[in-house]
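> Sharing data.cif below, mmCIF, C-alpha atoms and all ligand atoms:
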```cif
data_input
#
loop_
_atom_site.label_atom_id
_atom_site.label_comp_id
_atom_site.auth_asym_id
_atom_site.auth_seq_id
_atom_site.Cartn_x
_atom_site.Cartn_y
_atom_site.Cartn_z
CA MET N 1 -7.84 -47.18 -34.83
CA THR N 2 -10.61 -45.04 -33.39
CA HIS N 3 -9.52 -42.63 -30.74
CA THR N 4 -11.93 -40.96 -28.34
CA GLN N 5 -10.53 -37.72 -26.99
CA ALA N 6 -11.80 -37.13 -23.45
CA THR N 7 -12.70 -33.56 -22.58
CA GLY N 8 -10.38 -31.92 -20.08
CA LEU N 9 -11.83 -31.19 -16.67
CA PHE N 10 -10.43 -28.69 -14.16
CA ILE N 11 -11.37 -29.06 -10.48
CA SER N 12 -10.06 -26.95 -7.60
CA PHE N 13 -10.33 -27.56 -3.85
CA GLU N 14 -10.62 -24.59 -1.52
CA GLY N 15 -11.08 -23.82 2.15
CA ILE N 16 -9.32 -22.29 5.12
CA ASP N 17 -6.23 -24.01 6.52
CA GLY N 18 -7.29 -27.11 8.47
CA ALA N 19 -10.60 -27.53 6.62
CA GLY N 20 -9.61 -31.13 5.82
CA LYS N 21 -9.05 -31.01 2.04
CA SER N 22 -5.91 -33.14 1.78
CA SER N 23 -7.09 -36.73 2.05
CA HIS N 24 -10.16 -36.07 -0.11
CA ILE N 25 -8.05 -34.62 -2.92
CA ALA N 26 -6.08 -37.86 -3.09
CA ALA N 27 -9.28 -39.95 -2.92
CA LEU N 28 -10.91 -37.97 -5.71
CA ALA N 29 -7.86 -38.37 -7.92
CA GLN N 30 -8.03 -42.13 -7.34
CA ALA N 31 -11.76 -42.22 -8.11
CA PHE N 32 -11.07 -40.59 -11.48
CA ARG N 33 -8.24 -43.04 -12.21
CA ASP N 34 -10.58 -45.91 -11.32
CA ALA N 35 -13.00 -44.45 -13.85
CA GLY N 36 -10.26 -44.64 -16.50
CA ARG N 37 -9.18 -41.00 -16.54
CA THR N 38 -5.63 -39.65 -16.45
CA VAL N 39 -5.25 -37.23 -13.55
CA THR N 40 -2.85 -34.35 -13.06
CA LEU N 41 -2.76 -33.70 -9.33
CA THR N 42 -1.27 -30.32 -8.49
CA ARG N 43 -1.38 -27.44 -6.04
CA GLU N 44 -1.16 -23.68 -5.64
CA PRO N 45 0.88 -21.79 -5.00
CA GLY N 46 3.17 -24.19 -6.84
CA GLY N 47 2.86 -26.95 -9.40
CA THR N 48 5.96 -26.01 -11.45
CA PRO N 49 9.63 -25.55 -10.43
CA LEU N 50 9.32 -21.76 -10.72
CA ALA N 51 5.95 -21.59 -8.97
CA GLU N 52 7.26 -23.77 -6.11
CA LYS N 53 10.05 -21.19 -5.58
CA LEU N 54 7.42 -18.45 -5.52
CA ARG N 55 5.39 -20.54 -3.04
CA ALA N 56 8.34 -20.64 -0.64
CA LEU N 57 8.58 -16.83 -0.82
CA LEU N 58 4.84 -16.35 -0.36
CA LEU N 59 4.66 -18.65 2.66
CA HIS N 60 7.81 -17.51 4.44
CA GLU N 61 8.90 -13.97 3.43
CA ALA N 62 7.25 -10.77 4.66
CA MET N 63 5.98 -8.58 1.78
CA ASP N 64 3.43 -5.85 1.19
CA PRO N 65 -0.08 -6.80 0.05
CA LEU N 66 0.34 -5.90 -3.64
CA THR N 67 3.60 -7.86 -3.82
CA GLU N 68 1.83 -10.79 -2.19
CA ALA N 69 -0.98 -10.70 -4.77
CA LEU N 70 1.47 -10.36 -7.66
CA VAL N 71 3.57 -13.28 -6.45
CA ALA N 72 0.43 -15.45 -6.16
CA PHE N 73 -0.65 -14.55 -9.71
CA ALA N 74 2.87 -14.90 -11.14
CA ALA N 75 3.00 -18.43 -9.76
CA ARG N 76 -0.49 -19.11 -11.15
CA ARG N 77 0.40 -17.88 -14.63
CA ASP N 78 3.40 -20.20 -14.81
CA HIS N 79 1.30 -23.08 -13.47
CA LEU N 80 -1.40 -22.48 -16.08
CA VAL N 81 1.00 -22.21 -19.00
CA GLN N 82 3.31 -25.07 -18.03
CA VAL N 83 0.96 -27.61 -16.46
CA ILE N 84 -2.78 -26.92 -16.40
CA GLU N 85 -3.44 -25.92 -20.03
CA PRO N 86 -1.29 -28.72 -21.53
CA ALA N 87 -3.04 -31.31 -19.30
CA LEU N 88 -6.49 -30.02 -20.24
CA ALA N 89 -5.48 -30.07 -23.91
CA ARG N 90 -4.57 -33.76 -23.50
CA GLY N 91 -8.07 -34.37 -22.12
CA GLU N 92 -6.92 -35.02 -18.54
CA VAL N 93 -8.58 -34.28 -15.24
CA VAL N 94 -6.66 -31.54 -13.40
CA VAL N 95 -7.22 -31.51 -9.65
CA SER N 96 -5.62 -28.55 -7.92
CA ASP N 97 -5.29 -28.02 -4.18
CA ARG N 98 -6.31 -24.31 -4.30
CA PHE N 99 -6.54 -21.85 -7.20
CA THR N 100 -7.59 -18.20 -7.61
CA ASP N 101 -10.37 -18.21 -5.03
CA ALA N 102 -7.59 -18.57 -2.44
CA THR N 103 -6.08 -15.27 -3.57
CA PHE N 104 -9.43 -13.51 -3.16
CA ALA N 105 -9.99 -15.19 0.21
CA TYR N 106 -6.46 -14.77 1.69
CA GLN N 107 -5.04 -11.64 0.02
CA GLY N 108 -8.45 -10.01 -0.52
CA ALA N 109 -10.68 -10.83 2.45
CA GLY N 110 -7.86 -11.88 4.82
CA ARG N 111 -5.28 -9.17 4.14
CA GLY N 112 -7.78 -6.55 2.98
CA PHE N 113 -6.31 -6.11 -0.51
CA ASP N 114 -8.68 -4.43 -2.99
CA TRP N 115 -11.13 -6.94 -4.53
CA GLU N 116 -11.47 -5.08 -7.86
CA LYS N 117 -7.68 -4.96 -8.32
CA LEU N 118 -7.59 -8.71 -7.76
CA GLN N 119 -10.23 -9.10 -10.48
CA ILE N 120 -7.98 -7.16 -12.88
CA LEU N 121 -5.01 -9.36 -12.02
CA GLU N 122 -7.19 -12.47 -12.37
CA ARG N 123 -8.16 -11.46 -15.90
CA MET N 124 -4.56 -10.65 -16.87
CA ALA N 125 -3.05 -13.83 -15.44
CA GLN N 126 -5.69 -16.29 -16.61
CA THR N 127 -6.37 -15.05 -20.17
CA GLY N 128 -4.30 -15.85 -23.25
CA CYS N 129 -3.11 -19.30 -22.22
CA ALA N 130 -6.09 -21.42 -23.37
CA PRO N 131 -6.56 -22.29 -27.08
CA GLN N 132 -9.52 -19.84 -27.12
CA ALA N 133 -7.61 -16.54 -27.06
CA ASP N 134 -10.15 -14.55 -25.06
CA LEU N 135 -11.05 -17.28 -22.53
CA MET N 136 -10.24 -16.50 -18.90
CA ARG N 137 -9.38 -19.94 -17.56
CA GLU N 138 -11.26 -20.91 -14.40
CA PRO N 139 -11.99 -24.28 -12.79
CA ASP N 140 -15.04 -26.13 -14.13
CA LEU N 141 -15.85 -27.01 -10.53
CA THR N 142 -14.61 -25.66 -7.21
CA ILE N 143 -15.15 -27.84 -4.17
CA TRP N 144 -15.22 -25.51 -1.18
CA PHE N 145 -14.74 -27.02 2.28
CA ASP N 146 -16.66 -24.69 4.55
CA LEU N 147 -15.62 -24.97 8.20
CA PRO N 148 -15.88 -22.46 11.08
CA ALA N 149 -12.48 -20.91 11.83
CA ALA N 150 -12.64 -22.07 15.46
CA VAL N 151 -13.07 -25.72 14.41
CA ALA N 152 -10.18 -25.50 11.94
CA ALA N 153 -7.96 -23.96 14.62
CA GLY N 154 -8.79 -26.85 16.94
CA ARG N 155 -7.88 -29.39 14.25
CA LEU N 156 -4.57 -27.69 13.47
CA ALA N 157 -3.46 -27.09 17.07
CA GLY N 158 -0.08 -28.78 17.34
CA ALA N 159 -0.61 -30.68 14.07
CA ARG N 160 2.16 -29.00 12.02
CA VAL N 161 4.66 -26.14 12.08
CA PRO N 162 2.63 -23.11 10.95
CA ASP N 163 3.61 -21.09 7.87
CA ARG N 164 3.03 -17.31 7.57
CA PHE N 165 -0.71 -17.82 6.96
CA GLU N 166 -1.34 -20.65 9.41
CA ALA N 167 0.24 -18.50 12.14
CA GLN N 168 -2.51 -15.87 11.73
CA PRO N 169 -5.14 -15.41 14.47
CA GLN N 170 -8.61 -16.93 14.21
CA ASP N 171 -10.16 -13.60 13.10
CA PHE N 172 -8.02 -13.75 9.96
CA PHE N 173 -9.48 -17.15 9.07
CA ALA N 174 -13.01 -15.99 9.80
CA ALA N 175 -12.39 -13.20 7.25
CA VAL N 176 -10.87 -15.71 4.78
CA ALA N 177 -13.96 -17.92 5.17
CA ASP N 178 -16.15 -14.87 4.41
CA GLY N 179 -14.04 -14.29 1.29
CA TYR N 180 -14.78 -17.81 0.09
CA ALA N 181 -18.48 -17.28 0.77
CA ARG N 182 -18.36 -14.10 -1.35
CA ARG N 183 -16.70 -15.89 -4.26
CA CYS N 184 -19.23 -18.73 -3.96
CA ALA N 185 -22.13 -16.28 -4.06
CA ALA N 186 -20.67 -14.64 -7.18
CA ALA N 187 -20.30 -17.95 -9.08
CA PRO N 188 -22.80 -20.42 -7.57
CA GLN N 189 -22.78 -22.66 -10.66
CA ARG N 190 -19.01 -23.20 -10.38
CA PHE N 191 -18.95 -23.79 -6.62
CA ALA N 192 -20.00 -26.82 -4.60
CA ARG N 193 -20.12 -26.00 -0.89
CA ILE N 194 -19.20 -28.91 1.34
CA ASP N 195 -20.14 -28.89 5.03
CA ALA N 196 -16.68 -29.83 6.34
CA ASN N 197 -17.78 -29.84 9.98
CA CYS N 198 -18.52 -33.56 10.08
CA SER N 199 -16.73 -36.91 9.91
CA ARG N 200 -14.29 -37.69 7.09
CA GLU N 201 -16.75 -40.28 5.75
CA ALA N 202 -19.62 -37.77 5.67
CA VAL N 203 -17.39 -35.21 3.95
CA TRP N 204 -16.32 -37.74 1.32
CA GLN N 205 -19.93 -38.71 0.68
CA GLN N 206 -20.76 -35.06 -0.08
CA VAL N 207 -17.77 -34.76 -2.42
CA ALA N 208 -18.66 -37.99 -4.26
CA ASP N 209 -22.32 -36.94 -4.52
CA VAL N 210 -21.36 -33.64 -6.17
CA LEU N 211 -19.14 -35.37 -8.75
CA VAL N 212 -21.81 -37.93 -9.58
CA ALA N 213 -24.60 -35.33 -9.71
CA ARG N 214 -22.60 -33.29 -12.23
CA GLY N 215 -21.94 -36.36 -14.34
CA TYR N 216 -18.17 -36.20 -13.84
CA LEU N 217 -18.01 -39.62 -12.13
CA PRO N 218 -20.19 -42.72 -12.43
CA GLY N 219 -22.43 -43.58 -9.42
CA GLU N 220 -20.92 -45.56 -6.50
CA SER N 221 -17.53 -43.97 -7.17
CA GLY N 222 -14.54 -44.52 -4.98
CA ALA N 223 -13.86 -45.64 -1.44
CA ALA N 224 -14.10 -43.29 1.50
CA ALA N 225 -11.09 -41.00 1.98
N1 LIG N 301 -13.54 -34.60 9.03
C1 LIG N 301 -12.53 -34.41 9.91
N2 LIG N 301 -12.77 -34.41 11.23
C2 LIG N 301 -11.77 -34.20 12.12
N3 LIG N 301 -10.48 -33.96 11.78
C3 LIG N 301 -10.18 -33.93 10.48
C4 LIG N 301 -11.18 -34.16 9.47
N4 LIG N 301 -10.58 -34.07 8.26
C5 LIG N 301 -9.28 -33.80 8.50
N5 LIG N 301 -9.02 -33.72 9.82
C6 LIG N 301 -7.73 -33.41 10.48
O1 LIG N 301 -7.63 -32.00 10.46
C7 LIG N 301 -6.28 -31.60 10.18
C8 LIG N 301 -6.27 -30.73 8.90
O2 LIG N 301 -6.64 -31.54 7.78
P1 LIG N 301 -5.96 -31.31 6.35
O3 LIG N 301 -6.52 -32.33 5.43
O4 LIG N 301 -4.48 -31.22 6.49
O5 LIG N 301 -6.55 -29.86 6.02
P2 LIG N 301 -6.23 -28.87 4.82
O6 LIG N 301 -5.50 -29.67 3.78
O7 LIG N 301 -7.58 -28.42 4.36
O8 LIG N 301 -5.43 -27.76 5.43
C9 LIG N 301 -5.46 -32.88 10.06
O9 LIG N 301 -4.85 -33.13 11.30
C10 LIG N 301 -6.51 -33.93 9.72
O10 LIG N 301 -6.13 -35.20 10.20
C1 LIG N 302 -3.12 -20.26 -3.71
C2 LIG N 302 -2.93 -19.34 -2.54
C3 LIG N 302 -2.64 -19.83 -1.27
N1 LIG N 302 -2.47 -18.98 -0.23
C4 LIG N 302 -2.14 -19.52 1.10
C5 LIG N 302 -3.22 -20.40 1.69
C6 LIG N 302 -2.46 -21.35 2.57
O1 LIG N 302 -2.33 -20.77 3.86
C7 LIG N 302 -1.09 -21.41 1.91
C8 LIG N 302 -0.85 -22.69 1.15
O2 LIG N 302 -0.98 -23.70 2.00
P1 LIG N 302 -1.66 -25.09 1.62
O3 LIG N 302 -1.73 -25.30 0.16
O4 LIG N 302 -2.91 -25.24 2.40
O5 LIG N 302 -0.52 -26.03 2.06
P2 LIG N 302 -0.28 -26.81 3.40
O6 LIG N 302 -1.49 -27.69 3.53
O7 LIG N 302 1.01 -27.49 3.05
O8 LIG N 302 -0.15 -25.76 4.46
O9 LIG N 302 -1.01 -20.33 0.99
C9 LIG N 302 -2.57 -17.60 -0.40
O10 LIG N 302 -2.42 -16.85 0.56
N2 LIG N 302 -2.86 -17.12 -1.65
C10 LIG N 302 -3.03 -17.92 -2.72
O11 LIG N 302 -3.30 -17.43 -3.85
#
```
Do you think you could lay out the structure here as structure tokens?
Ligand SMILES: Nc1ncnc2c1ncn2[C@@H]1O[C@H](COP(=O)(O)OP(=O)(O)O)[C@@H](O)[C@H]1O
Ligand SMILES: Cc1cn([C@H]2C[C@H](O)[C@@H](COP(=O)(O)OP(=O)(O)O)O2)c(=O)[nH]c1=O


Amino acid sequence: MTHTQATGLFISFEGIDGAGKSSHIAALAQAFRDAGRTVTLTREPGGTPLAEKLRALLLHEAMDPLTEALVAFAARRDHLVQVIEPALARGEVVVSDRFTDATFAYQGAGRGFDWEKLQILERMAQTGCAPQADLMREPDLTIWFDLPAAVAAGRLAGARVPDRFEAQPQDFFAAVADGYARRCAAAPQRFARIDANCSREAVWQQVADVLVARGYLPGESGAAA
């Protein structure tokens, strides 16, 4: 029997709270399944039993900025070792609701934690788990939902009980959005910026176009989210 091993693909979704990622993540996972791929759908912080415990701490317990960054990266390390690397090794598509760019955007730009120290933690946490010993694992593609903080605040008003981050003022999210823009500028080949300030259908069209343009999905992929 011949056996074609698909190449693993790692995609992250990013954006400030309320940017509108959720329904499109599910739609993209379905589009990949329709194309015959096995999908691991996951999220950060979280994705493993340990990392979900760390998520609860991060979202609900007060802590100093270094502790916050360390908790985010501890959760990420466990997620990489337990879930992401094994799925990529099986040739699956891993779709994660947030990854390391969120730590730079929220703990770095939002909280003001030192960017260079985050880069050191990034290297420590994301190296030594892939089969290539010196590879720092990063997403192959990061789909960034760019939305003005004021628009996101309007969408979220009354929509759900806010966690420790969602309860922050609009200025915090404007800073977080700047953090995403900085990460995008530093790795333009990895990032796809989506204009999230339009209808769900128009947002989905942009997402689908990016996936098709990069050759990750066949043309005419998937229904609208
Ligand atoms: N394109 C859109 N236009 C208007 N409202 C939207 C759009 N996309 C999502 N929403 C609404 O905005 C809120 C936040 O969306 P959600 O997908 O939960 O954001 P995220 O997962 O990025 O935090 C939800 O109430 C959702 O129904
Ligand atoms: C991954 C990550 C998330 N966060 C924040 C961003 C979000 O406000 C929150 C996770 O929320 P999110 O995944 O958007 O979940 P929900 O849609 O259920 O609110 O954690 C960090 O502060 N640092 C990180 O490294």

> List all protein, DNA and RNA residues that have at least one atom no more than 8 Å from any atom of ligand LIG 301 (chain N), counting all atoms listed in the file, and write them as a list in words.

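The residues within 8 Å of ligand LIG 301 (chain N), counting all atoms listed in the file, are Glu14, Gly15, Ile16, Asp17, Gly18, Ala19, Gly20, Lys21, Ser22, Ser23, His24, Phe145, Ala152, Arg155, Leu156, Ala159, Ala196, Asn197, Cys198, Ser199, Arg200, Glu201, Ala202 and Val203 of chain N.
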
> With a cut-off of 8 Å, could you pull out the residues of chain N touching ligand LIG 302 (chain N) and give me the nearest pair of atoms for each, distance in Å to one decimal, using all atoms listed in the file, ordered by chain and ascending number, as a Markdown table?


```
| residue | atom | partner | partner_atom | distance |
| --- | --- | --- | --- | --- |
| N:Ile16 | CA | N:LIG302 | C5 | 7.2 |
| N:Asp17 | CA | N:LIG302 | O4 | 5.4 |
| N:Gly18 | CA | N:LIG302 | O6 | 7.6 |
| N:Ser22 | CA | N:LIG302 | O6 | 7.2 |
| N:Arg43 | CA | N:LIG302 | O3 | 6.6 |
| N:Glu44 | CA | N:LIG302 | C1 | 4.4 |
| N:Pro45 | CA | N:LIG302 | C1 | 4.5 |
| N:Arg55 | CA | N:LIG302 | O9 | 7.6 |
| N:Leu58 | CA | N:LIG302 | O9 | 7.2 |
| N:Leu59 | CA | N:LIG302 | O9 | 6.1 |
| N:Glu68 | CA | N:LIG302 | O10 | 7.9 |
| N:Ala69 | CA | N:LIG302 | O11 | 7.2 |
| N:Ala72 | CA | N:LIG302 | O11 | 4.8 |
| N:Phe73 | CA | N:LIG302 | O11 | 7.0 |
| N:Arg76 | CA | N:LIG302 | C1 | 8.0 |
| N:Asp97 | CA | N:LIG302 | O3 | 6.2 |
| N:Arg98 | CA | N:LIG302 | C1 | 5.2 |
| N:Phe99 | CA | N:LIG302 | C1 | 5.1 |
| N:Thr100 | CA | N:LIG302 | O11 | 5.8 |
| N:Asp101 | CA | N:LIG302 | O11 | 7.2 |
| N:Ala102 | CA | N:LIG302 | C10 | 4.6 |
| N:Thr103 | CA | N:LIG302 | O11 | 3.5 |
| N:Phe104 | CA | N:LIG302 | O11 | 7.3 |
| N:Ala105 | CA | N:LIG302 | N2 | 7.6 |
| N:Tyr106 | CA | N:LIG302 | O10 | 4.7 |
| N:Gln107 | CA | N:LIG302 | O10 | 5.9 |
| N:Pro162 | CA | N:LIG302 | O8 | 7.5 |
| N:Asp163 | CA | N:LIG302 | O8 | 6.9 |
| N:Arg164 | CA | N:LIG302 | O1 | 7.4 |
| N:Phe165 | CA | N:LIG302 | O1 | 4.6 |
| N:Glu166 | CA | N:LIG302 | O1 | 5.6 |
```

> Of the candidates N:Gln170, N:Arg193, N:Arg214, N:Met136, which one gets nearest to Met124 of chain N if we count all atoms listed in the file?

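When distances to Met124 of chain N are compared using all atoms listed in the file, the smallest one comes from N:Met136.
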
> Just the number, please: distance in Å from atom CA of Tyr216 of chain N to atom CA of Glu85 of chain N, one decimal.

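Going from atom CA of Tyr216 of chain N over to atom CA of Glu85 of chain N, I get 19.0 Å.
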
> If we count only C-alpha atoms and set the cut-off at 9 Å, which residues sit around Gly219 of chain N, ignoring sequence neighbours fewer than 6 positions away in its own chain? Please answer as an NGL selection string.

:N and (208-209 or 211-213)

> To one decimal place in Å, what is the distance between atom CA of Val83 of chain N and atom CA of Arg183 of chain N?

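These atoms are spaced 24.5 Å apart.
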
> For Ala74 of chain N, please output as a list in words all residues within 8 Å (counting all atoms listed in the file; exclusion window: fewer than 4 positions along the same chain).

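Selected residues are Ala51, Leu70, Asp78 and Ala125 of chain N.
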
> Which residue gives the smallest distance to Gln82 of chain N among N:Leu54, N:Ala130, N:Ala62, N:Leu217, with only C-alpha atoms counted?

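Between N:Leu54, N:Ala130, N:Ala62, N:Leu217, the residue approaching Gln82 of chain N most closely is N:Ala130.
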
> Let me make sure I understand: among N:Ala177, N:Leu66, N:Leu147, N:Ile84, which one has the smallest atom-to-atom distance to Leu121 of chain N if we use all atoms listed in the file?

N:Leu66

> Excluding Ala174 of chain N and its own-chain neighbours fewer than 6 positions away, which residues fall within 10 Å of it when counting only C-alpha atoms? Please give them as a list of chain:residue names.

N:Ile16, N:Ala109, N:Gly110, N:Leu147, N:Pro148, N:Ala149, N:Ala150

> Could you check the closest approach to Gln189 of chain N for each of N:Pro169, N:Pro86, N:Pro139, N:Gly8 and tell me which residue wins, using all atoms listed in the file?

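Looking only at the distances to Gln189 of chain N, the closest residue turns out to be N:Pro139.
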
> Find the smallest box with edges along x, y and z containing every listed atom of segment 37-51 of chain N, then add 4 Å on each side and report centre and edge lengths in Å to one decimal, as lines of an AutoDock Vina configuration file.


```
center_x = 0.2
center_y = -31.3
center_z = -10.8
size_x = 26.8
size_y = 27.4
size_z = 19.5
```
